[in-house]
>>> print(open('structure.cif').read())   # mmCIF, C-alpha atoms
data_run
loop_
_atom_site.group_PDB
_atom_site.id
_atom_site.type_symbol
_atom_site.label_atom_id
_atom_site.label_comp_id
_atom_site.auth_asym_id
_atom_site.auth_seq_id
_atom_site.Cartn_x
_atom_site.Cartn_y
_atom_site.Cartn_z
ATOM 1 C CA MET A 1 59.976 -19.797 -6.301
ATOM 2 C CA SER A 2 56.452 -20.177 -4.960
ATOM 3 C CA GLY A 3 56.087 -23.906 -5.571
ATOM 4 C CA VAL A 4 52.924 -23.295 -7.615
ATOM 5 C CA HIS A 5 52.751 -25.205 -10.878
ATOM 6 C CA LEU A 6 50.290 -24.413 -13.686
ATOM 7 C CA ILE A 7 49.675 -26.605 -16.736
ATOM 8 C CA ILE A 8 47.691 -25.237 -19.676
ATOM 9 C CA VAL A 9 46.040 -28.005 -21.695
ATOM 10 C CA THR A 10 44.985 -26.849 -25.151
ATOM 11 C CA GLY A 11 44.709 -28.165 -28.684
ATOM 12 C CA LEU A 12 42.191 -29.280 -31.260
ATOM 13 C CA SER A 13 38.698 -30.283 -30.236
ATOM 14 C CA GLY A 14 38.456 -34.054 -30.133
ATOM 15 C CA SER A 15 42.182 -34.585 -29.580
ATOM 16 C CA GLY A 16 41.884 -35.684 -25.957
ATOM 17 C CA LYS A 17 41.997 -32.515 -23.831
ATOM 18 C CA SER A 18 39.287 -33.788 -21.494
ATOM 19 C CA VAL A 19 41.166 -37.061 -20.980
ATOM 20 C CA ALA A 20 44.326 -35.100 -20.189
ATOM 21 C CA LEU A 21 42.540 -32.911 -17.647
ATOM 22 C CA HIS A 22 40.885 -35.897 -15.971
ATOM 23 C CA THR A 23 44.283 -37.589 -15.716
ATOM 24 C CA LEU A 24 45.796 -34.499 -14.127
ATOM 25 C CA GLU A 25 42.857 -34.250 -11.745
ATOM 26 C CA ASP A 26 43.450 -37.848 -10.654
ATOM 27 C CA ALA A 27 47.094 -36.900 -10.060
ATOM 28 C CA GLY A 28 46.139 -34.165 -7.611
ATOM 29 C CA TYR A 29 45.875 -31.115 -9.847
ATOM 30 C CA TYR A 30 43.045 -28.624 -9.329
ATOM 31 C CA CYS A 31 41.529 -28.596 -12.827
ATOM 32 C CA ILE A 32 39.387 -25.968 -14.544
ATOM 33 C CA ASP A 33 38.024 -26.685 -18.011
ATOM 34 C CA ASN A 34 37.477 -23.943 -20.598
ATOM 35 C CA LEU A 35 38.691 -21.070 -18.451
ATOM 36 C CA PRO A 36 38.762 -17.744 -20.343
ATOM 37 C CA VAL A 37 42.360 -16.744 -21.011
ATOM 38 C CA SER A 38 41.578 -13.320 -19.542
ATOM 39 C CA LEU A 39 41.056 -14.958 -16.124
ATOM 40 C CA ILE A 40 44.401 -16.769 -15.964
ATOM 41 C CA ASP A 41 45.994 -13.761 -14.253
ATOM 42 C CA ASP A 42 43.320 -13.931 -11.562
ATOM 43 C CA LEU A 43 43.965 -17.646 -11.098
ATOM 44 C CA ALA A 44 47.695 -16.953 -10.734
ATOM 45 C CA ASP A 45 47.003 -14.266 -8.155
ATOM 46 C CA TYR A 46 44.777 -16.659 -6.217
ATOM 47 C CA ALA A 47 47.407 -19.398 -6.338
ATOM 48 C CA LEU A 48 50.103 -17.051 -5.038
ATOM 49 C CA HIS A 49 48.181 -15.248 -2.322
ATOM 50 C CA SER A 50 45.493 -17.628 -1.084
ATOM 51 C CA ASP A 51 45.852 -19.853 1.963
ATOM 52 C CA ALA A 52 46.410 -22.841 -0.301
ATOM 53 C CA PRO A 53 49.533 -24.792 0.703
ATOM 54 C CA THR A 54 52.743 -24.197 -1.241
ATOM 55 C CA GLY A 55 53.271 -26.677 -4.012
ATOM 56 C CA GLU A 56 49.650 -26.275 -5.167
ATOM 57 C CA ARG A 57 49.160 -27.641 -8.674
ATOM 58 C CA PHE A 58 46.654 -26.303 -11.189
ATOM 59 C CA ALA A 59 45.643 -27.371 -14.690
ATOM 60 C CA VAL A 60 43.489 -25.298 -17.032
ATOM 61 C CA GLY A 61 41.796 -26.326 -20.261
ATOM 62 C CA ILE A 62 41.839 -23.668 -22.999
ATOM 63 C CA ASP A 63 40.001 -24.110 -26.306
ATOM 64 C CA ALA A 64 39.084 -22.211 -29.455
ATOM 65 C CA ARG A 65 35.985 -20.626 -27.903
ATOM 66 C CA ASN A 66 38.232 -17.962 -26.400
ATOM 67 C CA PRO A 67 38.441 -14.660 -28.275
ATOM 68 C CA THR A 68 41.209 -14.691 -30.877
ATOM 69 C CA ARG A 69 42.960 -11.759 -29.235
ATOM 70 C CA ASP A 70 43.103 -13.580 -25.896
ATOM 71 C CA LEU A 71 44.458 -16.766 -27.486
ATOM 72 C CA GLN A 72 47.204 -14.754 -29.147
ATOM 73 C CA ARG A 73 48.159 -13.302 -25.756
ATOM 74 C CA LEU A 74 48.366 -16.668 -23.986
ATOM 75 C CA PRO A 75 52.138 -17.253 -24.454
ATOM 76 C CA GLU A 76 52.819 -13.715 -23.218
ATOM 77 C CA THR A 77 50.485 -14.250 -20.259
ATOM 78 C CA LEU A 78 52.308 -17.441 -19.271
ATOM 79 C CA GLU A 79 55.649 -15.666 -19.514
ATOM 80 C CA GLN A 80 54.406 -12.931 -17.184
ATOM 81 C CA ILE A 81 53.112 -15.522 -14.729
ATOM 82 C CA SER A 82 56.468 -17.286 -14.795
ATOM 83 C CA GLU A 83 58.163 -14.036 -13.828
ATOM 84 C CA GLN A 84 55.984 -14.033 -10.688
ATOM 85 C CA GLY A 85 57.497 -17.346 -9.622
ATOM 86 C CA ILE A 86 54.884 -19.787 -10.962
ATOM 87 C CA SER A 87 56.244 -22.614 -13.073
ATOM 88 C CA THR A 88 54.137 -23.113 -16.204
ATOM 89 C CA GLU A 89 53.814 -25.695 -18.963
ATOM 90 C CA LEU A 90 51.809 -25.525 -22.183
ATOM 91 C CA LEU A 91 50.585 -28.888 -23.475
ATOM 92 C CA PHE A 92 49.125 -28.982 -27.010
ATOM 93 C CA LEU A 93 47.144 -31.987 -28.271
ATOM 94 C CA TYR A 94 46.184 -32.534 -31.896
ATOM 95 C CA ALA A 95 45.202 -35.253 -34.369
ATOM 96 C CA GLU A 96 44.699 -35.738 -38.087
ATOM 97 C CA ASP A 97 41.452 -34.365 -39.559
ATOM 98 C CA PRO A 98 40.030 -37.778 -40.616
ATOM 99 C CA ILE A 99 40.560 -39.042 -37.064
ATOM 100 C CA LEU A 100 38.875 -35.980 -35.551
ATOM 101 C CA MET A 101 35.958 -36.299 -37.957
ATOM 102 C CA ARG A 102 35.498 -39.947 -37.043
ATOM 103 C CA ARG A 103 35.562 -39.125 -33.330
ATOM 104 C CA TYR A 104 32.923 -36.437 -33.802
ATOM 105 C CA SER A 105 30.817 -38.868 -35.785
ATOM 106 C CA GLU A 106 31.069 -41.470 -33.035
ATOM 107 C CA THR A 107 30.247 -39.069 -30.190
ATOM 108 C CA ARG A 108 27.750 -36.927 -32.163
ATOM 109 C CA ARG A 109 29.139 -33.829 -30.505
ATOM 110 C CA ARG A 110 29.072 -30.473 -32.213
ATOM 111 C CA HIS A 111 32.359 -28.735 -32.949
ATOM 112 C CA PRO A 112 32.630 -25.431 -31.023
ATOM 113 C CA LEU A 113 33.348 -23.507 -34.257
ATOM 114 C CA ALA A 114 30.701 -25.230 -36.392
ATOM 115 C CA GLU A 115 28.217 -22.363 -36.393
ATOM 116 C CA GLY A 116 25.070 -22.486 -38.478
ATOM 117 C CA GLU A 117 25.523 -24.664 -41.560
ATOM 118 C CA LYS A 118 29.321 -24.544 -41.432
ATOM 119 C CA PRO A 119 30.753 -27.968 -42.422
ATOM 120 C CA LEU A 120 32.871 -29.840 -39.889
ATOM 121 C CA THR A 121 35.846 -29.794 -42.278
ATOM 122 C CA ASP A 122 35.762 -25.986 -42.370
ATOM 123 C CA ALA A 123 35.455 -25.785 -38.582
ATOM 124 C CA LEU A 124 38.474 -28.069 -38.140
ATOM 125 C CA GLU A 125 40.539 -26.020 -40.573
ATOM 126 C CA ALA A 126 39.584 -22.767 -38.857
ATOM 127 C CA GLU A 127 40.454 -24.174 -35.441
ATOM 128 C CA ARG A 128 43.793 -25.540 -36.631
ATOM 129 C CA THR A 129 44.727 -22.139 -38.068
ATOM 130 C CA LEU A 130 43.548 -20.290 -34.967
ATOM 131 C CA LEU A 131 45.527 -22.475 -32.561
ATOM 132 C CA GLU A 132 48.714 -22.916 -34.614
ATOM 133 C CA PRO A 133 50.591 -20.196 -32.647
ATOM 134 C CA LEU A 134 49.882 -22.111 -29.427
ATOM 135 C CA ARG A 135 51.215 -25.297 -30.963
ATOM 136 C CA GLU A 136 54.416 -23.482 -31.888
ATOM 137 C CA ALA A 137 54.742 -22.089 -28.353
ATOM 138 C CA ALA A 138 53.937 -25.374 -26.585
ATOM 139 C CA ASP A 139 56.399 -27.067 -24.245
ATOM 140 C CA TRP A 140 55.060 -30.399 -25.428
ATOM 141 C CA SER A 141 52.931 -31.164 -28.498
ATOM 142 C CA MET A 142 51.362 -34.585 -28.918
ATOM 143 C CA ASP A 143 49.695 -36.218 -31.913
ATOM 144 C CA THR A 144 46.883 -38.417 -30.550
ATOM 145 C CA SER A 145 45.749 -39.773 -33.934
ATOM 146 C CA ARG A 146 46.891 -43.309 -33.066
ATOM 147 C CA THR A 147 46.721 -43.018 -29.295
ATOM 148 C CA THR A 148 44.040 -44.818 -27.325
ATOM 149 C CA VAL A 149 42.470 -43.269 -24.243
ATOM 150 C CA HIS A 150 44.540 -45.618 -22.085
ATOM 151 C CA ASP A 151 47.733 -44.700 -23.959
ATOM 152 C CA LEU A 152 47.029 -41.002 -23.511
ATOM 153 C CA ARG A 153 46.344 -41.341 -19.803
ATOM 154 C CA ALA A 154 49.568 -43.306 -19.355
ATOM 155 C CA LEU A 155 51.644 -40.778 -21.292
ATOM 156 C CA ILE A 156 50.192 -37.828 -19.393
ATOM 157 C CA SER A 157 50.789 -39.591 -16.084
ATOM 158 C CA GLU A 158 54.386 -40.459 -16.946
ATOM 159 C CA ARG A 159 55.430 -37.170 -18.536
ATOM 160 C CA VAL A 160 53.372 -34.509 -16.779
ATOM 161 C CA ALA A 161 51.388 -35.640 -13.769
ATOM 162 C CA GLY A 162 54.170 -37.342 -11.849
ATOM 163 C CA GLU A 163 56.810 -35.592 -9.820
ATOM 164 C CA ARG A 164 59.562 -34.703 -12.294
ATOM 165 C CA SER A 165 62.685 -32.620 -12.513
ATOM 166 C CA GLY A 166 64.911 -32.035 -15.506
ATOM 167 C CA LEU A 167 64.374 -33.282 -19.045
ATOM 168 C CA SER A 168 61.648 -35.852 -19.709
ATOM 169 C CA VAL A 169 62.550 -38.194 -22.584
ATOM 170 C CA LEU A 170 60.129 -40.415 -24.489
ATOM 171 C CA ILE A 171 61.529 -43.202 -26.696
ATOM 172 C CA GLN A 172 58.892 -44.400 -29.180
ATOM 173 C CA SER A 173 58.870 -47.141 -31.804
ATOM 174 C CA PHE A 174 56.512 -46.890 -34.782
ATOM 175 C CA GLY A 175 55.734 -48.285 -38.220
ATOM 176 C CA PHE A 176 56.281 -46.088 -41.271
ATOM 177 C CA LYS A 177 53.301 -47.666 -43.018
ATOM 178 C CA HIS A 178 51.083 -46.235 -40.291
ATOM 179 C CA GLY A 179 52.550 -42.722 -40.530
ATOM 180 C CA VAL A 180 55.524 -40.878 -39.072
ATOM 181 C CA PRO A 181 54.954 -39.336 -35.598
ATOM 182 C CA THR A 182 54.689 -35.603 -36.189
ATOM 183 C CA ASP A 183 55.444 -34.767 -32.563
ATOM 184 C CA ALA A 184 58.914 -36.347 -32.517
ATOM 185 C CA ASP A 185 62.083 -34.282 -32.111
ATOM 186 C CA TYR A 186 64.272 -37.027 -33.606
ATOM 187 C CA VAL A 187 63.117 -39.627 -36.171
ATOM 188 C CA PHE A 188 65.388 -42.558 -37.043
ATOM 189 C CA ASP A 189 64.766 -45.068 -39.846
ATOM 190 C CA ALA A 190 65.558 -48.726 -39.085
ATOM 191 C CA ARG A 191 64.255 -50.084 -42.404
ATOM 192 C CA CYS A 192 67.867 -50.439 -43.561
ATOM 193 C CA LEU A 193 68.252 -53.457 -41.247
ATOM 194 C CA PRO A 194 67.316 -57.009 -42.302
ATOM 195 C CA ASN A 195 63.624 -57.540 -41.620
ATOM 196 C CA PRO A 196 62.674 -60.378 -39.238
ATOM 197 C CA HIS A 197 59.206 -60.304 -40.803
ATOM 198 C CA TRP A 198 60.553 -62.324 -43.730
ATOM 199 C CA GLU A 199 61.727 -65.078 -41.407
ATOM 200 C CA GLN A 200 58.667 -67.309 -41.042
ATOM 201 C CA GLN A 201 59.509 -68.408 -37.485
ATOM 202 C CA LEU A 202 59.931 -64.783 -36.349
ATOM 203 C CA ARG A 203 56.950 -63.148 -38.020
ATOM 204 C CA SER A 204 54.577 -63.586 -35.075
ATOM 205 C CA HIS A 205 57.147 -62.332 -32.551
ATOM 206 C CA THR A 206 58.155 -58.753 -31.703
ATOM 207 C CA GLY A 207 61.384 -56.913 -31.036
ATOM 208 C CA ARG A 208 60.974 -57.674 -27.339
ATOM 209 C CA ASP A 209 61.283 -61.422 -27.883
ATOM 210 C CA ALA A 210 64.606 -63.198 -27.510
ATOM 211 C CA GLU A 211 64.372 -64.864 -30.919
ATOM 212 C CA VAL A 212 64.057 -61.543 -32.742
ATOM 213 C CA CYS A 213 66.783 -59.952 -30.604
ATOM 214 C CA ALA A 214 69.154 -62.797 -31.452
ATOM 215 C CA PHE A 215 68.389 -62.475 -35.174
ATOM 216 C CA LEU A 216 69.013 -58.729 -35.216
ATOM 217 C CA GLU A 217 72.137 -58.953 -33.079
ATOM 218 C CA SER A 218 73.594 -61.422 -35.569
ATOM 219 C CA GLN A 219 73.490 -58.686 -38.238
ATOM 220 C CA PRO A 220 76.558 -56.360 -38.186
ATOM 221 C CA GLU A 221 74.449 -53.395 -39.382
ATOM 222 C CA THR A 222 72.313 -53.534 -36.249
ATOM 223 C CA GLU A 223 75.117 -52.691 -33.843
ATOM 224 C CA THR A 224 76.372 -49.913 -36.116
ATOM 225 C CA LEU A 225 72.954 -48.240 -36.347
ATOM 226 C CA PHE A 226 72.244 -48.609 -32.636
ATOM 227 C CA THR A 227 75.615 -47.173 -31.648
ATOM 228 C CA GLN A 228 75.190 -44.166 -33.925
ATOM 229 C CA ILE A 229 71.677 -43.420 -32.600
ATOM 230 C CA ARG A 230 72.759 -43.860 -28.971
ATOM 231 C CA ASP A 231 75.813 -41.647 -29.363
ATOM 232 C CA LEU A 232 73.941 -38.879 -31.196
ATOM 233 C CA VAL A 233 71.037 -38.667 -28.752
ATOM 234 C CA GLY A 234 73.271 -39.147 -25.721
ATOM 235 C CA HIS A 235 75.608 -36.405 -26.867
ATOM 236 C CA TRP A 236 72.843 -33.812 -27.152
ATOM 237 C CA LEU A 237 70.802 -34.662 -24.026
ATOM 238 C CA PRO A 238 72.841 -32.362 -21.729
ATOM 239 C CA THR A 239 72.469 -29.516 -24.226
ATOM 240 C CA TYR A 240 68.691 -29.856 -24.315
ATOM 241 C CA GLU A 241 68.553 -29.957 -20.532
ATOM 242 C CA ALA A 242 70.855 -26.939 -20.173
ATOM 243 C CA ALA A 243 68.617 -25.024 -22.580
ATOM 244 C CA GLY A 244 65.638 -25.587 -20.267
ATOM 245 C CA ARG A 245 63.786 -28.041 -22.478
ATOM 246 C CA SER A 246 61.169 -30.016 -20.570
ATOM 247 C CA TYR A 247 60.409 -32.743 -23.120
ATOM 248 C CA LEU A 248 62.230 -34.642 -25.849
ATOM 249 C CA THR A 249 60.714 -37.362 -28.048
ATOM 250 C CA VAL A 250 62.900 -39.810 -29.978
ATOM 251 C CA ALA A 251 61.076 -41.963 -32.547
ATOM 252 C CA ILE A 252 62.521 -45.049 -34.238
ATOM 253 C CA GLY A 253 60.605 -46.542 -37.143
ATOM 254 C CA CYS A 254 60.611 -49.654 -39.287
ATOM 255 C CA THR A 255 58.042 -50.853 -41.817
ATOM 256 C CA GLY A 256 55.378 -52.230 -39.485
ATOM 257 C CA GLY A 257 56.635 -51.151 -36.078
ATOM 258 C CA GLN A 258 56.836 -54.707 -34.753
ATOM 259 C CA HIS A 259 60.450 -55.890 -34.858
ATOM 260 C CA ARG A 260 63.434 -53.645 -35.700
ATOM 261 C CA SER A 261 62.111 -50.391 -34.249
ATOM 262 C CA VAL A 262 60.868 -52.118 -31.093
ATOM 263 C CA TYR A 263 64.243 -53.796 -30.532
ATOM 264 C CA LEU A 264 66.184 -50.535 -31.007
ATOM 265 C CA ALA A 265 63.780 -48.527 -28.825
ATOM 266 C CA GLU A 266 64.145 -51.057 -26.004
ATOM 267 C CA ARG A 267 67.947 -50.970 -26.229
ATOM 268 C CA LEU A 268 68.104 -47.174 -26.494
ATOM 269 C CA THR A 269 65.897 -46.727 -23.428
ATOM 270 C CA ALA A 270 68.108 -49.044 -21.396
ATOM 271 C CA ALA A 271 71.267 -47.303 -22.612
ATOM 272 C CA LEU A 272 70.053 -43.778 -21.846
ATOM 273 C CA ARG A 273 68.335 -44.504 -18.536
ATOM 274 C CA PRO A 274 71.426 -43.847 -16.354
ATOM 275 C CA ALA A 275 71.813 -40.366 -17.898
ATOM 276 C CA CYS A 276 68.104 -39.397 -17.797
ATOM 277 C CA SER A 277 66.235 -38.276 -14.714
ATOM 278 C CA HIS A 278 62.982 -39.279 -16.373
ATOM 279 C CA ILE A 279 62.703 -41.581 -19.406
ATOM 280 C CA SER A 280 59.725 -43.546 -20.710
ATOM 281 C CA LEU A 281 59.173 -46.038 -23.522
ATOM 282 C CA ARG A 282 56.228 -46.502 -25.855
ATOM 283 C CA HIS A 283 55.674 -48.935 -28.726
ATOM 284 C CA ARG A 284 53.004 -47.232 -30.803
ATOM 285 C CA GLU A 285 52.033 -50.184 -32.963
ATOM 286 C CA LEU A 286 52.065 -52.662 -30.068
ATOM 287 C CA SER A 287 49.642 -50.585 -27.959
#
>>> encode(input="structure.cif", output="structure tokens")
Amino acid sequence: MSGVHLIIVTGLSGSGKSVALHTLEDAGYYCIDNLPVSLIDDLADYALHSDAPTGERFAVGIDARNPTRDLQRLPETLEQISEQGISTELLFLYAEDPILMRRYSETRRRHPLAEGEKPLTDALEAERTLLEPLREAADWSMDTSRTTVHDLRALISERVAGERSGLSVLIQSFGFKHGVPTDADYVFDARCLPNPHWEQQLRSHTGRDAEVCAFLESQPETETLFTQIRDLVGHWLPTYEAAGRSYLTVAIGCTGGQHRSVYLAERLTAALRPACSHISLRHRELS
């Protein structure tokens, strides 16, 4: 292997691609925004045969302004590059349409596909359809609808920018009333457990606080659910790693994402850490 690593950052306009590229740049990647797909082969050739030191890291932003034919060829292009000895990753960012529309309204930017009098809703739909094959081919897809800029930078740094080998696992708590994470590989429902929210003295606390932990651990159902989740995920981790998967996201939800899911996510992360070369934890509703 050459030691050259190439990350393609793509996804919907307004989903955070620029933030991702800036984060990678801060981590030492040579970043190029909006590179035509047709020039990726030239970049690969440069990376392999220039005087740049081995281990050179590149990141390229790809968006919907590329010709449709070139976008369709991107997965094939990355496969060909991989055969030359360059390790590649495809990162796809997206968000819900109302969130994207609000972001465009706040920044007053023009959508790249909003030509003439074309409404923003139509441009978003066209872009989503155009890029769907890339989402399906991505090594890691991420829904940034409820992710702040700081959250996104932290996630990129932990899961992509840092030195990493093997499977990268993200354990995430969330609240069902705020929507199910669409980028999760596993989703577990903790709403079957007694809810600390209905205990007045616990309502203002979270699943990281000792009082809530003690309450949940006093319920027999808690240990049963935790053990089943831990055993299922732990059993399949080696299989995912053997299959060459780079990323795995495990989401645990309760009603509001404050107590039960946070407690279980904390425990699961601690339980799996000895078996994972790289594991991170995120509490979506506590961010």
>>> resolve_selection(input="structure.cif", expression="the PyMOL selection byres ((chain A and resi 66) around 9)", output="JSON, numbers by chain")
{"A": [34, 35, 36, 37, 38, 62, 63, 64, 65, 67, 68, 69, 70, 71]}
>>> residues_near_point(input="structure.cif", point="(43.5, -35.1, -33.3)", cutoff="10 Å", atoms="only C-alpha atoms", output="PyMOL selection string")
chain A and resi 11-17+93-101+103+124+142-147
>>> resolve_selection(input="structure.cif", expression="the PyMOL selection byres ((chain A and resi 21-28) around 12)", output="PyMOL selection string")
chain A and resi 5-10+16-20+29-34+55-62+91+93+149-163
>>> resolve_selection(input="structure.cif", expression="the PyMOL selection byres ((chain A and resi 245) around 10)", output="PyMOL selection string")
chain A and resi 139-140+166-168+237+239-244+246-248
>>> closest_residue(input="structure.cif", among="A:Ala251, A:Leu216, A:Leu43, A:Leu90", to="Ala137 of chain A", atoms="all atoms listed in the file")
A:Leu90
>>> residues_around(input="structure.cif", residues="Thr222 of chain A", least_positions_apart="4", cutoff="12 Å", atoms="all atoms listed in the file", output="list of chain:residue names")
A:Asp189, A:Ala190, A:Arg191, A:Cys192, A:Leu193, A:Pro194, A:Asn195, A:Cys213, A:Ala214, A:Phe215, A:Leu216, A:Glu217, A:Ser218, A:Phe226, A:Thr227, A:Gln228, A:Ile229, A:Arg260, A:Ser261, A:Tyr263, A:Leu264, A:Arg267
>>> closest_residue(input="structure.cif", among="A:Ala123, A:Leu268, A:Ile86, A:Ile279", to="Tyr104 of chain A", atoms="all atoms listed in the file")
A:Ala123
>>> closest_residue(input="structure.cif", among="A:Ile40, A:Ala270, A:Ile252, A:Leu286", to="Phe176 of chain A", atoms="only C-alpha atoms")
A:Ile252
>>> closest_residue(input="structure.cif", among="A:Ala44, A:Glu125, A:Glu199, A:Gly256", to="Thr88 of chain A", atoms="only C-alpha atoms")
A:Ala44
>>> atom_distance(input="structure.cif", atom1="atom CA of Pro133 of chain A", atom2="atom CA of Ala114 of chain A")
20.9 Å
>>> residues_around(input="structure.cif", residues="Gln258 of chain A", least_positions_apart="6", cutoff="8 Å", atoms="only C-alpha atoms", output="compact mmCIF listing (two decimals) with C-alpha atoms, in the coordinates of the input")
# COMPACT_ATOMS: atom_id res chain seq x y z
CA PHE A 174 56.51 -46.89 -34.78
CA GLY A 175 55.73 -48.28 -38.22
CA HIS A 205 57.15 -62.33 -32.55
CA THR A 206 58.16 -58.75 -31.70
CA GLY A 207 61.38 -56.91 -31.04
CA GLU A 285 52.03 -50.18 -32.96
CA LEU A 286 52.06 -52.66 -30.07
>>> build_atoms(input="structure.cif", residues="segment 243-261 of chain A", atoms="N, CA and C atoms", output="PDB file, in the coordinates of the input")
ATOM      1  N   ALA A 243      69.417 -26.054 -21.923  1.00  0.00           N
ATOM      2  CA  ALA A 243      68.617 -25.024 -22.580  1.00  0.00           C
ATOM      3  C   ALA A 243      67.233 -24.876 -21.958  1.00  0.00           C
ATOM      4  N   GLY A 244      66.926 -25.703 -20.953  1.00  0.00           N
ATOM      5  CA  GLY A 244      65.638 -25.587 -20.267  1.00  0.00           C
ATOM      6  C   GLY A 244      64.512 -26.355 -20.918  1.00  0.00           C
ATOM      7  N   ARG A 245      64.835 -27.243 -21.853  1.00  0.00           N
ATOM      8  CA  ARG A 245      63.786 -28.041 -22.478  1.00  0.00           C
ATOM      9  C   ARG A 245      63.170 -28.977 -21.447  1.00  0.00           C
ATOM     10  N   SER A 246      61.859 -29.126 -21.498  1.00  0.00           N
ATOM     11  CA  SER A 246      61.169 -30.016 -20.570  1.00  0.00           C
ATOM     12  C   SER A 246      60.950 -31.406 -21.154  1.00  0.00           C
ATOM     13  N   TYR A 247      60.772 -31.484 -22.486  1.00  0.00           N
ATOM     14  CA  TYR A 247      60.409 -32.743 -23.120  1.00  0.00           C
ATOM     15  C   TYR A 247      61.216 -32.985 -24.382  1.00  0.00           C
ATOM     16  N   LEU A 248      61.550 -34.242 -24.626  1.00  0.00           N
ATOM     17  CA  LEU A 248      62.230 -34.642 -25.849  1.00  0.00           C
ATOM     18  C   LEU A 248      61.668 -35.997 -26.267  1.00  0.00           C
ATOM     19  N   THR A 249      61.257 -36.111 -27.531  1.00  0.00           N
ATOM     20  CA  THR A 249      60.714 -37.362 -28.048  1.00  0.00           C
ATOM     21  C   THR A 249      61.623 -37.889 -29.148  1.00  0.00           C
ATOM     22  N   VAL A 250      62.053 -39.136 -28.992  1.00  0.00           N
ATOM     23  CA  VAL A 250      62.900 -39.810 -29.978  1.00  0.00           C
ATOM     24  C   VAL A 250      62.093 -40.963 -30.566  1.00  0.00           C
ATOM     25  N   ALA A 251      61.871 -40.936 -31.886  1.00  0.00           N
ATOM     26  CA  ALA A 251      61.076 -41.963 -32.547  1.00  0.00           C
ATOM     27  C   ALA A 251      61.959 -42.799 -33.456  1.00  0.00           C
ATOM     28  N   ILE A 252      61.782 -44.121 -33.391  1.00  0.00           N
ATOM     29  CA  ILE A 252      62.521 -45.049 -34.238  1.00  0.00           C
ATOM     30  C   ILE A 252      61.497 -45.872 -35.005  1.00  0.00           C
ATOM     31  N   GLY A 253      61.607 -45.870 -36.335  1.00  0.00           N
ATOM     32  CA  GLY A 253      60.605 -46.542 -37.143  1.00  0.00           C
ATOM     33  C   GLY A 253      61.175 -47.645 -38.005  1.00  0.00           C
ATOM     34  N   CYS A 254      60.337 -48.651 -38.265  1.00  0.00           N
ATOM     35  CA  CYS A 254      60.611 -49.654 -39.287  1.00  0.00           C
ATOM     36  C   CYS A 254      59.333 -49.786 -40.113  1.00  0.00           C
ATOM     37  N   THR A 255      59.190 -50.782 -40.917  1.00  0.00           N
ATOM     38  CA  THR A 255      58.042 -50.853 -41.817  1.00  0.00           C
ATOM     39  C   THR A 255      56.731 -50.976 -41.052  1.00  0.00           C
ATOM     40  N   GLY A 256      56.635 -51.988 -40.192  1.00  0.00           N
ATOM     41  CA  GLY A 256      55.378 -52.230 -39.485  1.00  0.00           C
ATOM     42  C   GLY A 256      55.397 -51.867 -38.018  1.00  0.00           C
ATOM     43  N   GLY A 257      56.562 -51.520 -37.489  1.00  0.00           N
ATOM     44  CA  GLY A 257      56.635 -51.151 -36.078  1.00  0.00           C
ATOM     45  C   GLY A 257      56.533 -52.327 -35.132  1.00  0.00           C
ATOM     46  N   GLN A 258      56.956 -53.507 -35.576  1.00  0.00           N
ATOM     47  CA  GLN A 258      56.836 -54.707 -34.753  1.00  0.00           C
ATOM     48  C   GLN A 258      58.172 -55.280 -34.292  1.00  0.00           C
ATOM     49  N   HIS A 259      59.205 -55.186 -35.137  1.00  0.00           N
ATOM     50  CA  HIS A 259      60.450 -55.890 -34.858  1.00  0.00           C
ATOM     51  C   HIS A 259      61.644 -54.954 -34.651  1.00  0.00           C
ATOM     52  N   ARG A 260      62.185 -54.416 -35.757  1.00  0.00           N
ATOM     53  CA  ARG A 260      63.434 -53.645 -35.700  1.00  0.00           C
ATOM     54  C   ARG A 260      63.315 -52.399 -34.833  1.00  0.00           C
ATOM     55  N   SER A 261      62.254 -51.625 -35.024  1.00  0.00           N
ATOM     56  CA  SER A 261      62.111 -50.391 -34.249  1.00  0.00           C
ATOM     57  C   SER A 261      61.882 -50.686 -32.768  1.00  0.00           C
TER      58      SER A 261
END
